[in-house]
Amino acid sequence: MKKLSVSHLLGIKYLNTEDFNLIFETASQFKEVINRPIKKVPSLRDITIANLFFENSTRTKLSFELAEKRLSADIINFSASQSSVSKGETLSDTVKNILAMKVDMIILRHPNPGAAHFLSKNLNSCIINAGDGTHEHPTQALLDVYSLIEKFGNLKGKRIAIVGDIKHSRVALSNIYALKMMGAEVKLCGPKSLIPKYIECLGVTSSSDFNQVLNWCDAANILRIQNERMGTVYFPSNREYSQNFGLNLDRLKQLKKKIIILHPGPINRGVEISSDVADSNQSIILDQVQNGVAIRMAIIYLLGSKLNIKNNV
Ligand code: CP
């Protein structure tokens, strides 16, 4: 059986092309499984997984939980607001206690960049990063790239725009690494205040001319403004942002070709994207969500197959 080059999924930057191919091949097999009347396989029935969410989530949390159930793993869920974190317990102590209950794998969403790395260095467990602050969101990038490959066949030379609040986005950084690995050209677009200056070191270009970027690209990944991570004001108002960077039907109609629209969610309708675009046949937003379950099944399965479960019996 082919194996991943890593024992944790901490970020896209630690994966290589062979890992991508293996994840996508495995996800395609699981996509077929979840479209059958009986959507479950017994692959991971000896494994116990803890979903630790220290930050709100709809898609990622439910998608991981469903992926684990489809693989027949045992699962426990942890939400920071209902836990002893509010009594002062550290992340490390919280996770040590959970591992003492014979848990094999940790799915971690945390507001602090590097939280998943920290756990992987300090504890003996398999860690999957489900989003760490402004740093990385590797499973989101994998499902985005997988969804684009479904549309385009392959991404070599394809022009992909990432639009919006790049500065506070973990989706943007993981997508840049993943798209570059697949041979795509990447252009970032948004207000200058929301595009970090160093980012072009990653081999991408940037522009604040949204109409020009839309004319350039084959697909646009639209990001929301991440108000919860902003300590200050980066643009005058949502209305002005929407006028300059909101994707609406008028903008799409002016283009010479039909581009593909992605959005990682949650959507702020009427701010970064209008309802008629989000719900249009150019949008693959719900394909992304569906593919997310297959991608997460693939990651959990491939990392789970590297565990020595006997250690925990
Ligand atoms: N895309 C994404 O991470 O969404 P959630 O915050 O709802 O998990």
# chains A, B, ... in the order shown; residues from 1 in each chain; ligands from 1
>>> select_by_dssp(residues="range 70-186 of chain A", states="strand (DSSP E)", output="list of chain:residue names")
A:Asp74, A:Ile75, A:Ile76, A:Asn77, A:Phe78, A:Ser79, A:Met105, A:Ile106, A:Ile107, A:Leu108, A:Arg109, A:His110, A:Cys126, A:Ile127, A:Ile128, A:Asn129, A:Ala130, A:Gly131, A:Asp132, A:Arg159, A:Ile160, A:Ala161, A:Ile162, A:Val163, A:Glu185, A:Val186
>>> write_last_selection(atoms="N, CA, C and O atoms", output="CSV table (one decimal), in the first residue's frame")
chain,number,residue,atom,x,y,z
A,74,ASP,N,-14.4,5.3,15.8
A,74,ASP,CA,-15.1,5.8,17.0
A,74,ASP,C,-14.7,7.3,17.2
A,74,ASP,O,-13.6,7.6,17.0
A,75,ILE,N,-15.7,8.2,17.6
A,75,ILE,CA,-15.3,9.6,17.7
A,75,ILE,C,-15.8,10.2,19.0
A,75,ILE,O,-16.8,9.8,19.5
A,76,ILE,N,-15.0,11.2,19.4
A,76,ILE,CA,-15.5,12.1,20.5
A,76,ILE,C,-15.3,13.5,20.0
A,76,ILE,O,-14.4,13.8,19.3
A,77,ASN,N,-16.2,14.4,20.5
A,77,ASN,CA,-16.2,15.8,20.1
A,77,ASN,C,-16.0,16.7,21.3
A,77,ASN,O,-16.5,16.4,22.3
A,78,PHE,N,-15.2,17.7,21.0
A,78,PHE,CA,-14.8,18.6,22.1
A,78,PHE,C,-15.0,20.0,21.6
A,78,PHE,O,-14.6,20.4,20.5
A,79,SER,N,-15.8,20.8,22.4
A,79,SER,CA,-16.0,22.2,22.0
A,79,SER,C,-15.4,23.1,23.2
A,79,SER,O,-15.8,22.8,24.4
A,105,MET,N,-6.1,9.7,17.2
A,105,MET,CA,-5.9,10.8,16.3
A,105,MET,C,-6.6,12.0,16.7
A,105,MET,O,-7.7,11.9,17.3
A,106,ILE,N,-6.0,13.2,16.5
A,106,ILE,CA,-6.6,14.5,17.0
A,106,ILE,C,-6.8,15.4,15.7
A,106,ILE,O,-5.9,15.6,15.0
A,107,ILE,N,-8.1,15.9,15.6
A,107,ILE,CA,-8.4,16.9,14.6
A,107,ILE,C,-8.5,18.2,15.4
A,107,ILE,O,-9.3,18.3,16.3
A,108,LEU,N,-7.6,19.2,15.0
A,108,LEU,CA,-7.5,20.4,15.8
A,108,LEU,C,-7.8,21.6,15.0
A,108,LEU,O,-7.2,21.9,14.0
A,109,ARG,N,-8.9,22.4,15.4
A,109,ARG,CA,-9.0,23.7,14.9
A,109,ARG,C,-8.7,24.7,16.1
A,109,ARG,O,-9.3,24.5,17.2
A,110,HIS,N,-7.8,25.6,15.9
A,110,HIS,CA,-7.4,26.5,17.0
A,110,HIS,C,-7.1,27.9,16.5
A,110,HIS,O,-6.6,28.1,15.3
A,126,CYS,N,-1.3,11.3,16.3
A,126,CYS,CA,-1.4,11.8,15.0
A,126,CYS,C,-2.3,13.1,15.0
A,126,CYS,O,-3.4,13.0,15.5
A,127,ILE,N,-1.8,14.2,14.4
A,127,ILE,CA,-2.5,15.5,14.5
A,127,ILE,C,-2.9,15.9,13.1
A,127,ILE,O,-2.0,15.9,12.2
A,128,ILE,N,-4.1,16.3,12.9
A,128,ILE,CA,-4.6,16.9,11.6
A,128,ILE,C,-5.0,18.3,11.9
A,128,ILE,O,-5.9,18.6,12.8
A,129,ASN,N,-4.4,19.3,11.2
A,129,ASN,CA,-4.7,20.7,11.4
A,129,ASN,C,-6.0,21.0,10.6
A,129,ASN,O,-6.0,20.9,9.4
A,130,ALA,N,-7.0,21.4,11.3
A,130,ALA,CA,-8.3,21.8,10.7
A,130,ALA,C,-8.5,23.3,10.6
A,130,ALA,O,-9.6,23.8,10.6
A,131,GLY,N,-7.3,24.0,10.6
A,131,GLY,CA,-7.3,25.4,10.6
A,131,GLY,C,-6.7,26.0,11.8
A,131,GLY,O,-7.2,25.8,12.9
A,132,ASP,N,-5.5,26.7,11.6
A,132,ASP,CA,-4.8,27.3,12.8
A,132,ASP,C,-4.6,28.8,12.6
A,132,ASP,O,-3.7,29.2,11.9
A,159,ARG,N,-5.1,29.6,-14.7
A,159,ARG,CA,-4.9,30.9,-14.0
A,159,ARG,C,-6.0,31.0,-12.9
A,159,ARG,O,-7.2,31.0,-13.2
A,160,ILE,N,-5.5,31.0,-11.6
A,160,ILE,CA,-6.5,31.0,-10.5
A,160,ILE,C,-6.3,32.3,-9.7
A,160,ILE,O,-5.2,32.6,-9.3
A,161,ALA,N,-7.4,33.0,-9.5
A,161,ALA,CA,-7.4,34.2,-8.7
A,161,ALA,C,-7.9,33.9,-7.3
A,161,ALA,O,-8.8,33.1,-7.1
A,162,ILE,N,-7.2,34.4,-6.3
A,162,ILE,CA,-7.7,34.4,-4.9
A,162,ILE,C,-8.1,35.8,-4.5
A,162,ILE,O,-7.2,36.7,-4.5
A,163,VAL,N,-9.3,36.0,-4.2
A,163,VAL,CA,-9.8,37.4,-4.0
A,163,VAL,C,-10.3,37.7,-2.6
A,163,VAL,O,-11.1,36.9,-2.1
A,185,GLU,N,-1.0,29.0,-12.2
A,185,GLU,CA,-0.6,30.4,-12.0
A,185,GLU,C,-1.5,31.0,-11.0
A,185,GLU,O,-2.7,30.9,-11.1
A,186,VAL,N,-1.0,31.8,-10.0
A,186,VAL,CA,-1.9,32.3,-8.9
A,186,VAL,C,-1.7,33.8,-8.9
A,186,VAL,O,-0.6,34.4,-8.8
>>> residues_near_ligand(ligand="ligand 1", cutoff="6 Å", atoms="only C-alpha atoms and all ligand atoms", output="MDAnalysis selection string")
chainID A and resid 57:61 264:266
>>> closest_residue(among="A:Asp276, A:Glu136, A:Asp287, A:Glu65", to="Ala116 in chain A", atoms="only C-alpha atoms")
A:Glu136
>>> residues_around(residues="Ser81 in chain A", least_positions_apart="4", cutoff="12 Å", atoms="only C-alpha atoms", output="count of residues only")
8
>>> residues_around(residues="Arg251 in chain A", least_positions_apart="2", cutoff="12 Å", atoms="only C-alpha atoms", output="PDB file with N, CA, C and O atoms, in the first residue's frame")
ATOM      1  N   PHE A 210      -9.865  44.471  -9.774  1.00  0.00           N
ATOM      2  CA  PHE A 210     -10.670  43.247  -9.752  1.00  0.00           C
ATOM      3  C   PHE A 210     -11.155  42.863 -11.153  1.00  0.00           C
ATOM      4  O   PHE A 210     -11.095  41.702 -11.542  1.00  0.00           O
ATOM      5  N   ASN A 211     -11.627  43.838 -11.931  1.00  0.00           N
ATOM      6  CA  ASN A 211     -12.147  43.513 -13.272  1.00  0.00           C
ATOM      7  C   ASN A 211     -11.052  42.916 -14.158  1.00  0.00           C
ATOM      8  O   ASN A 211     -11.280  41.950 -14.883  1.00  0.00           O
ATOM      9  N   GLN A 212      -9.845  43.484 -14.058  1.00  0.00           N
ATOM     10  CA  GLN A 212      -8.726  42.964 -14.847  1.00  0.00           C
ATOM     11  C   GLN A 212      -8.378  41.526 -14.415  1.00  0.00           C
ATOM     12  O   GLN A 212      -8.136  40.659 -15.258  1.00  0.00           O
ATOM     13  N   VAL A 213      -8.393  41.286 -13.112  1.00  0.00           N
ATOM     14  CA  VAL A 213      -8.064  39.948 -12.596  1.00  0.00           C
ATOM     15  C   VAL A 213      -9.123  38.942 -13.056  1.00  0.00           C
ATOM     16  O   VAL A 213      -8.803  37.817 -13.457  1.00  0.00           O
ATOM     17  N   LEU A 214     -10.383  39.350 -13.050  1.00  0.00           N
ATOM     18  CA  LEU A 214     -11.450  38.439 -13.501  1.00  0.00           C
ATOM     19  C   LEU A 214     -11.272  38.089 -14.974  1.00  0.00           C
ATOM     20  O   LEU A 214     -11.511  36.948 -15.390  1.00  0.00           O
ATOM     21  N   ASN A 215     -10.833  39.066 -15.776  1.00  0.00           N
ATOM     22  CA  ASN A 215     -10.583  38.806 -17.198  1.00  0.00           C
ATOM     23  C   ASN A 215      -9.404  37.874 -17.418  1.00  0.00           C
ATOM     24  O   ASN A 215      -9.347  37.146 -18.400  1.00  0.00           O
ATOM     25  N   SER A 242     -17.683  46.077  -1.335  1.00  0.00           N
ATOM     26  CA  SER A 242     -18.518  45.350  -2.278  1.00  0.00           C
ATOM     27  C   SER A 242     -18.481  45.983  -3.677  1.00  0.00           C
ATOM     28  O   SER A 242     -18.471  45.269  -4.688  1.00  0.00           O
ATOM     29  N   GLN A 243     -18.459  47.323  -3.721  1.00  0.00           N
ATOM     30  CA  GLN A 243     -18.380  48.012  -5.030  1.00  0.00           C
ATOM     31  C   GLN A 243     -17.081  47.666  -5.759  1.00  0.00           C
ATOM     32  O   GLN A 243     -17.068  47.450  -6.970  1.00  0.00           O
ATOM     33  N   ASN A 244     -15.973  47.577  -5.009  1.00  0.00           N
ATOM     34  CA  ASN A 244     -14.660  47.351  -5.638  1.00  0.00           C
ATOM     35  C   ASN A 244     -14.302  45.875  -5.811  1.00  0.00           C
ATOM     36  O   ASN A 244     -13.620  45.520  -6.773  1.00  0.00           O
ATOM     37  N   PHE A 245     -14.728  45.043  -4.850  1.00  0.00           N
ATOM     38  CA  PHE A 245     -14.272  43.639  -4.853  1.00  0.00           C
ATOM     39  C   PHE A 245     -15.407  42.623  -4.711  1.00  0.00           C
ATOM     40  O   PHE A 245     -15.138  41.419  -4.582  1.00  0.00           O
ATOM     41  N   GLY A 246     -16.651  43.079  -4.735  1.00  0.00           N
ATOM     42  CA  GLY A 246     -17.776  42.136  -4.646  1.00  0.00           C
ATOM     43  C   GLY A 246     -18.017  41.503  -6.014  1.00  0.00           C
ATOM     44  O   GLY A 246     -18.041  42.204  -7.033  1.00  0.00           O
ATOM     45  N   LEU A 247     -18.184  40.171  -6.050  1.00  0.00           N
ATOM     46  CA  LEU A 247     -18.446  39.499  -7.333  1.00  0.00           C
ATOM     47  C   LEU A 247     -19.955  39.430  -7.547  1.00  0.00           C
ATOM     48  O   LEU A 247     -20.677  38.803  -6.761  1.00  0.00           O
ATOM     49  N   ASN A 248     -20.422  40.109  -8.609  1.00  0.00           N
ATOM     50  CA  ASN A 248     -21.856  40.095  -8.917  1.00  0.00           C
ATOM     51  C   ASN A 248     -22.047  39.707 -10.393  1.00  0.00           C
ATOM     52  O   ASN A 248     -21.071  39.597 -11.154  1.00  0.00           O
ATOM     53  N   LEU A 249     -23.302  39.530 -10.767  1.00  0.00           N
ATOM     54  CA  LEU A 249     -23.610  39.048 -12.121  1.00  0.00           C
ATOM     55  C   LEU A 249     -23.154  40.030 -13.199  1.00  0.00           C
ATOM     56  O   LEU A 249     -22.688  39.621 -14.267  1.00  0.00           O
ATOM     57  N   LYS A 253     -20.905  39.007 -16.370  1.00  0.00           N
ATOM     58  CA  LYS A 253     -21.437  39.136 -17.743  1.00  0.00           C
ATOM     59  C   LYS A 253     -20.474  39.895 -18.652  1.00  0.00           C
ATOM     60  O   LYS A 253     -20.495  39.713 -19.870  1.00  0.00           O
ATOM     61  N   GLN A 254     -19.638  40.765 -18.073  1.00  0.00           N
ATOM     62  CA  GLN A 254     -18.693  41.536 -18.893  1.00  0.00           C
ATOM     63  C   GLN A 254     -17.486  40.724 -19.353  1.00  0.00           C
ATOM     64  O   GLN A 254     -16.679  41.191 -20.167  1.00  0.00           O
ATOM     65  N   LEU A 255     -17.337  39.501 -18.830  1.00  0.00           N
ATOM     66  CA  LEU A 255     -16.155  38.700 -19.184  1.00  0.00           C
ATOM     67  C   LEU A 255     -16.373  37.972 -20.506  1.00  0.00           C
ATOM     68  O   LEU A 255     -17.513  37.633 -20.854  1.00  0.00           O
ATOM     69  N   LYS A 256     -15.246  37.684 -21.190  1.00  0.00           N
ATOM     70  CA  LYS A 256     -15.354  37.016 -22.497  1.00  0.00           C
ATOM     71  C   LYS A 256     -15.507  35.501 -22.350  1.00  0.00           C
ATOM     72  O   LYS A 256     -15.796  34.800 -23.292  1.00  0.00           O
ATOM     73  N   LYS A 257     -15.239  34.975 -21.156  1.00  0.00           N
ATOM     74  CA  LYS A 257     -15.367  33.520 -20.951  1.00  0.00           C
ATOM     75  C   LYS A 257     -16.081  33.255 -19.629  1.00  0.00           C
ATOM     76  O   LYS A 257     -16.200  34.162 -18.789  1.00  0.00           O
ATOM     77  N   LYS A 258     -16.534  31.989 -19.472  1.00  0.00           N
ATOM     78  CA  LYS A 258     -17.207  31.587 -18.226  1.00  0.00           C
ATOM     79  C   LYS A 258     -16.161  31.094 -17.242  1.00  0.00           C
ATOM     80  O   LYS A 258     -15.496  30.076 -17.507  1.00  0.00           O
ATOM     81  N   ILE A 259     -15.991  31.788 -16.149  1.00  0.00           N
ATOM     82  CA  ILE A 259     -15.004  31.333 -15.157  1.00  0.00           C
ATOM     83  C   ILE A 259     -15.724  30.517 -14.077  1.00  0.00           C
ATOM     84  O   ILE A 259     -16.931  30.630 -13.902  1.00  0.00           O
ATOM     85  N   ILE A 273     -19.711  38.403  -2.385  1.00  0.00           N
ATOM     86  CA  ILE A 273     -20.344  37.670  -3.503  1.00  0.00           C
ATOM     87  C   ILE A 273     -21.853  37.905  -3.442  1.00  0.00           C
ATOM     88  O   ILE A 273     -22.439  37.945  -2.352  1.00  0.00           O
ATOM     89  N   SER A 274     -22.469  38.078  -4.627  1.00  0.00           N
ATOM     90  CA  SER A 274     -23.927  38.284  -4.631  1.00  0.00           C
ATOM     91  C   SER A 274     -24.610  36.917  -4.664  1.00  0.00           C
ATOM     92  O   SER A 274     -24.014  35.916  -5.085  1.00  0.00           O
ATOM     93  N   ASP A 276     -26.944  35.851  -6.646  1.00  0.00           N
ATOM     94  CA  ASP A 276     -27.130  35.252  -7.978  1.00  0.00           C
ATOM     95  C   ASP A 276     -25.841  34.605  -8.498  1.00  0.00           C
ATOM     96  O   ASP A 276     -25.896  33.642  -9.263  1.00  0.00           O
ATOM     97  N   VAL A 277     -24.674  35.080  -8.058  1.00  0.00           N
ATOM     98  CA  VAL A 277     -23.410  34.424  -8.444  1.00  0.00           C
ATOM     99  C   VAL A 277     -23.183  33.169  -7.589  1.00  0.00           C
ATOM    100  O   VAL A 277     -22.858  32.099  -8.115  1.00  0.00           O
TER     101      VAL A 277
END
>>> residues_around(residues="Asn16 in chain A", least_positions_apart="3", cutoff="8 Å", atoms="only C-alpha atoms", output="MDAnalysis selection string")
chainID A and resid 5 13 19:20 181
>>> write_last_selection(atoms="N, CA and C atoms", output="PDB file, in the first residue's frame")
ATOM      1  N   SER A   5       4.056  10.804   2.834  1.00  0.00           N
ATOM      2  CA  SER A   5       5.424  11.081   3.316  1.00  0.00           C
ATOM      3  C   SER A   5       5.395  11.683   4.724  1.00  0.00           C
ATOM      4  N   LYS A  13       2.415  22.902   2.986  1.00  0.00           N
ATOM      5  CA  LYS A  13       3.828  23.059   2.622  1.00  0.00           C
ATOM      6  C   LYS A  13       4.680  21.838   2.972  1.00  0.00           C
ATOM      7  N   ASP A  19       2.240  12.851  -2.547  1.00  0.00           N
ATOM      8  CA  ASP A  19       1.193  12.875  -1.499  1.00  0.00           C
ATOM      9  C   ASP A  19      -0.126  13.369  -2.086  1.00  0.00           C
ATOM     10  N   PHE A  20      -0.041  14.448  -2.885  1.00  0.00           N
ATOM     11  CA  PHE A  20      -1.260  14.991  -3.499  1.00  0.00           C
ATOM     12  C   PHE A  20      -1.947  13.930  -4.354  1.00  0.00           C
ATOM     13  N   MET A 181       1.905  23.911  -6.393  1.00  0.00           N
ATOM     14  CA  MET A 181       2.365  22.514  -6.490  1.00  0.00           C
ATOM     15  C   MET A 181       1.752  21.821  -7.703  1.00  0.00           C
TER      16      MET A 181
END
>>> residues_around(residues="Ile199 in chain A", least_positions_apart="5", cutoff="10 Å", atoms="only C-alpha atoms", output="list in words")
Ile166, Lys167, Leu173, Ile176, Leu188, Val204, Thr205 and Ser206 of chain A
>>> closest_residue(among="A:Ile98, A:Ile300, A:Leu142, A:Val289", to="Ser63 in chain A", atoms="only C-alpha atoms")
A:Val289
>>> atom_distance(atom1="CA of Val145 in chain A", atom2="CA of Met182 in chain A")
8.3 Å
>>> closest_residue(among="A:Ala172, A:Phe235, A:Cys217, A:Ser147", to="Leu286 in chain A", atoms="only C-alpha atoms")
A:Ser147
>>> closest_residue(among="A:Tyr146, A:Tyr198, A:Phe152, A:Trp216", to="Ala294 in chain A", atoms="only C-alpha atoms")
A:Tyr146
>>> closest_residue(among="A:His135, A:Arg45, A:Arg296, A:Lys187", to="Lys158 in chain A", atoms="only C-alpha atoms")
A:Lys187
>>> residues_around(residues="Ile38 in chain A", least_positions_apart="5", cutoff="12 Å", atoms="only C-alpha atoms", output="PDB file with N, CA, C and O atoms, in the first residue's frame")
ATOM      1  N   GLU A  32     -16.803   7.697  -4.490  1.00  0.00           N
ATOM      2  CA  GLU A  32     -17.708   6.682  -5.041  1.00  0.00           C
ATOM      3  C   GLU A  32     -18.472   6.003  -3.891  1.00  0.00           C
ATOM      4  O   GLU A  32     -19.674   5.798  -3.983  1.00  0.00           O
ATOM      5  N   VAL A  33     -17.777   5.732  -2.787  1.00  0.00           N
ATOM      6  CA  VAL A  33     -18.423   5.079  -1.635  1.00  0.00           C
ATOM      7  C   VAL A  33     -19.564   5.951  -1.092  1.00  0.00           C
ATOM      8  O   VAL A  33     -20.670   5.468  -0.844  1.00  0.00           O
ATOM      9  N   ARG A  70     -18.198   7.655   8.250  1.00  0.00           N
ATOM     10  CA  ARG A  70     -18.226   6.856   7.020  1.00  0.00           C
ATOM     11  C   ARG A  70     -17.115   5.804   7.017  1.00  0.00           C
ATOM     12  O   ARG A  70     -17.190   4.799   6.339  1.00  0.00           O
ATOM     13  N   LEU A  71     -16.010   6.067   7.780  1.00  0.00           N
ATOM     14  CA  LEU A  71     -14.892   5.117   7.866  1.00  0.00           C
ATOM     15  C   LEU A  71     -15.038   4.182   9.071  1.00  0.00           C
ATOM     16  O   LEU A  71     -14.139   3.408   9.379  1.00  0.00           O
TER      17      LEU A  71
END
>>> closest_residue(among="A:Leu143, A:Ile261, A:Ile284, A:Ala100", to="Ala27 in chain A", atoms="only C-alpha atoms")
A:Leu143
>>> atom_distance(atom1="CA of Leu223 in chain A", atom2="CA of Glu272 in chain A")
7.1 Å
>>> atom_distance(atom1="CA of Leu91 in chain A", atom2="CA of Leu119 in chain A")
8.4 Å
>>> decode(residues="range 266-313 of chain A", atoms="C-alpha atoms", output="PDB file, in the first residue's frame")
ATOM      1  CA  PRO A 266     -19.133  30.905   5.246  1.00  0.00           C
ATOM      2  CA  ILE A 267     -20.516  33.284   2.598  1.00  0.00           C
ATOM      3  CA  ASN A 268     -21.432  36.880   3.365  1.00  0.00           C
ATOM      4  CA  ARG A 269     -24.037  37.334   0.610  1.00  0.00           C
ATOM      5  CA  GLY A 270     -24.065  40.853  -0.781  1.00  0.00           C
ATOM      6  CA  VAL A 271     -20.540  41.652   0.514  1.00  0.00           C
ATOM      7  CA  GLU A 272     -17.861  39.576  -1.307  1.00  0.00           C
ATOM      8  CA  ILE A 273     -20.344  37.670  -3.503  1.00  0.00           C
ATOM      9  CA  SER A 274     -23.927  38.284  -4.631  1.00  0.00           C
ATOM     10  CA  SER A 275     -26.597  35.619  -4.221  1.00  0.00           C
ATOM     11  CA  ASP A 276     -27.130  35.252  -7.978  1.00  0.00           C
ATOM     12  CA  VAL A 277     -23.410  34.424  -8.444  1.00  0.00           C
ATOM     13  CA  ALA A 278     -23.167  32.140  -5.384  1.00  0.00           C
ATOM     14  CA  ASP A 279     -26.184  30.154  -6.616  1.00  0.00           C
ATOM     15  CA  SER A 280     -25.268  30.251 -10.338  1.00  0.00           C
ATOM     16  CA  ASN A 281     -24.140  27.306 -12.472  1.00  0.00           C
ATOM     17  CA  GLN A 282     -20.620  28.795 -12.536  1.00  0.00           C
ATOM     18  CA  SER A 283     -20.361  28.339  -8.778  1.00  0.00           C
ATOM     19  CA  ILE A 284     -18.930  25.034  -7.444  1.00  0.00           C
ATOM     20  CA  ILE A 285     -19.382  25.977  -3.791  1.00  0.00           C
ATOM     21  CA  LEU A 286     -21.527  22.953  -2.916  1.00  0.00           C
ATOM     22  CA  ASP A 287     -19.255  20.621  -4.943  1.00  0.00           C
ATOM     23  CA  GLN A 288     -16.442  21.844  -2.683  1.00  0.00           C
ATOM     24  CA  VAL A 289     -18.481  20.884   0.391  1.00  0.00           C
ATOM     25  CA  GLN A 290     -19.325  17.444  -1.028  1.00  0.00           C
ATOM     26  CA  ASN A 291     -15.699  16.803  -2.022  1.00  0.00           C
ATOM     27  CA  GLY A 292     -14.599  17.884   1.468  1.00  0.00           C
ATOM     28  CA  VAL A 293     -16.012  14.685   2.987  1.00  0.00           C
ATOM     29  CA  ALA A 294     -14.155  12.450   0.473  1.00  0.00           C
ATOM     30  CA  ILE A 295     -10.893  14.403   0.919  1.00  0.00           C
ATOM     31  CA  ARG A 296     -11.115  14.174   4.723  1.00  0.00           C
ATOM     32  CA  MET A 297     -11.910  10.440   4.516  1.00  0.00           C
ATOM     33  CA  ALA A 298      -8.773  10.041   2.380  1.00  0.00           C
ATOM     34  CA  ILE A 299      -6.552  11.981   4.822  1.00  0.00           C
ATOM     35  CA  ILE A 300      -7.872  10.172   7.900  1.00  0.00           C
ATOM     36  CA  TYR A 301      -7.605   6.786   6.170  1.00  0.00           C
ATOM     37  CA  LEU A 302      -4.055   7.372   4.902  1.00  0.00           C
ATOM     38  CA  LEU A 303      -2.762   8.754   8.210  1.00  0.00           C
ATOM     39  CA  GLY A 304      -4.740   6.125  10.157  1.00  0.00           C
ATOM     40  CA  SER A 305      -3.012   3.366   8.164  1.00  0.00           C
ATOM     41  CA  LYS A 306       0.355   4.653   9.464  1.00  0.00           C
ATOM     42  CA  LEU A 307      -0.684   4.303  13.130  1.00  0.00           C
ATOM     43  CA  ASN A 308       0.508   1.382  15.200  1.00  0.00           C
ATOM     44  CA  ILE A 309      -2.793   0.781  16.961  1.00  0.00           C
ATOM     45  CA  LYS A 310      -1.297  -2.071  19.066  1.00  0.00           C
ATOM     46  CA  ASN A 311       0.574   0.626  21.033  1.00  0.00           C
ATOM     47  CA  ASN A 312      -2.723   1.831  22.379  1.00  0.00           C
ATOM     48  CA  VAL A 313      -4.348  -1.516  23.291  1.00  0.00           C
TER      49      VAL A 313
END
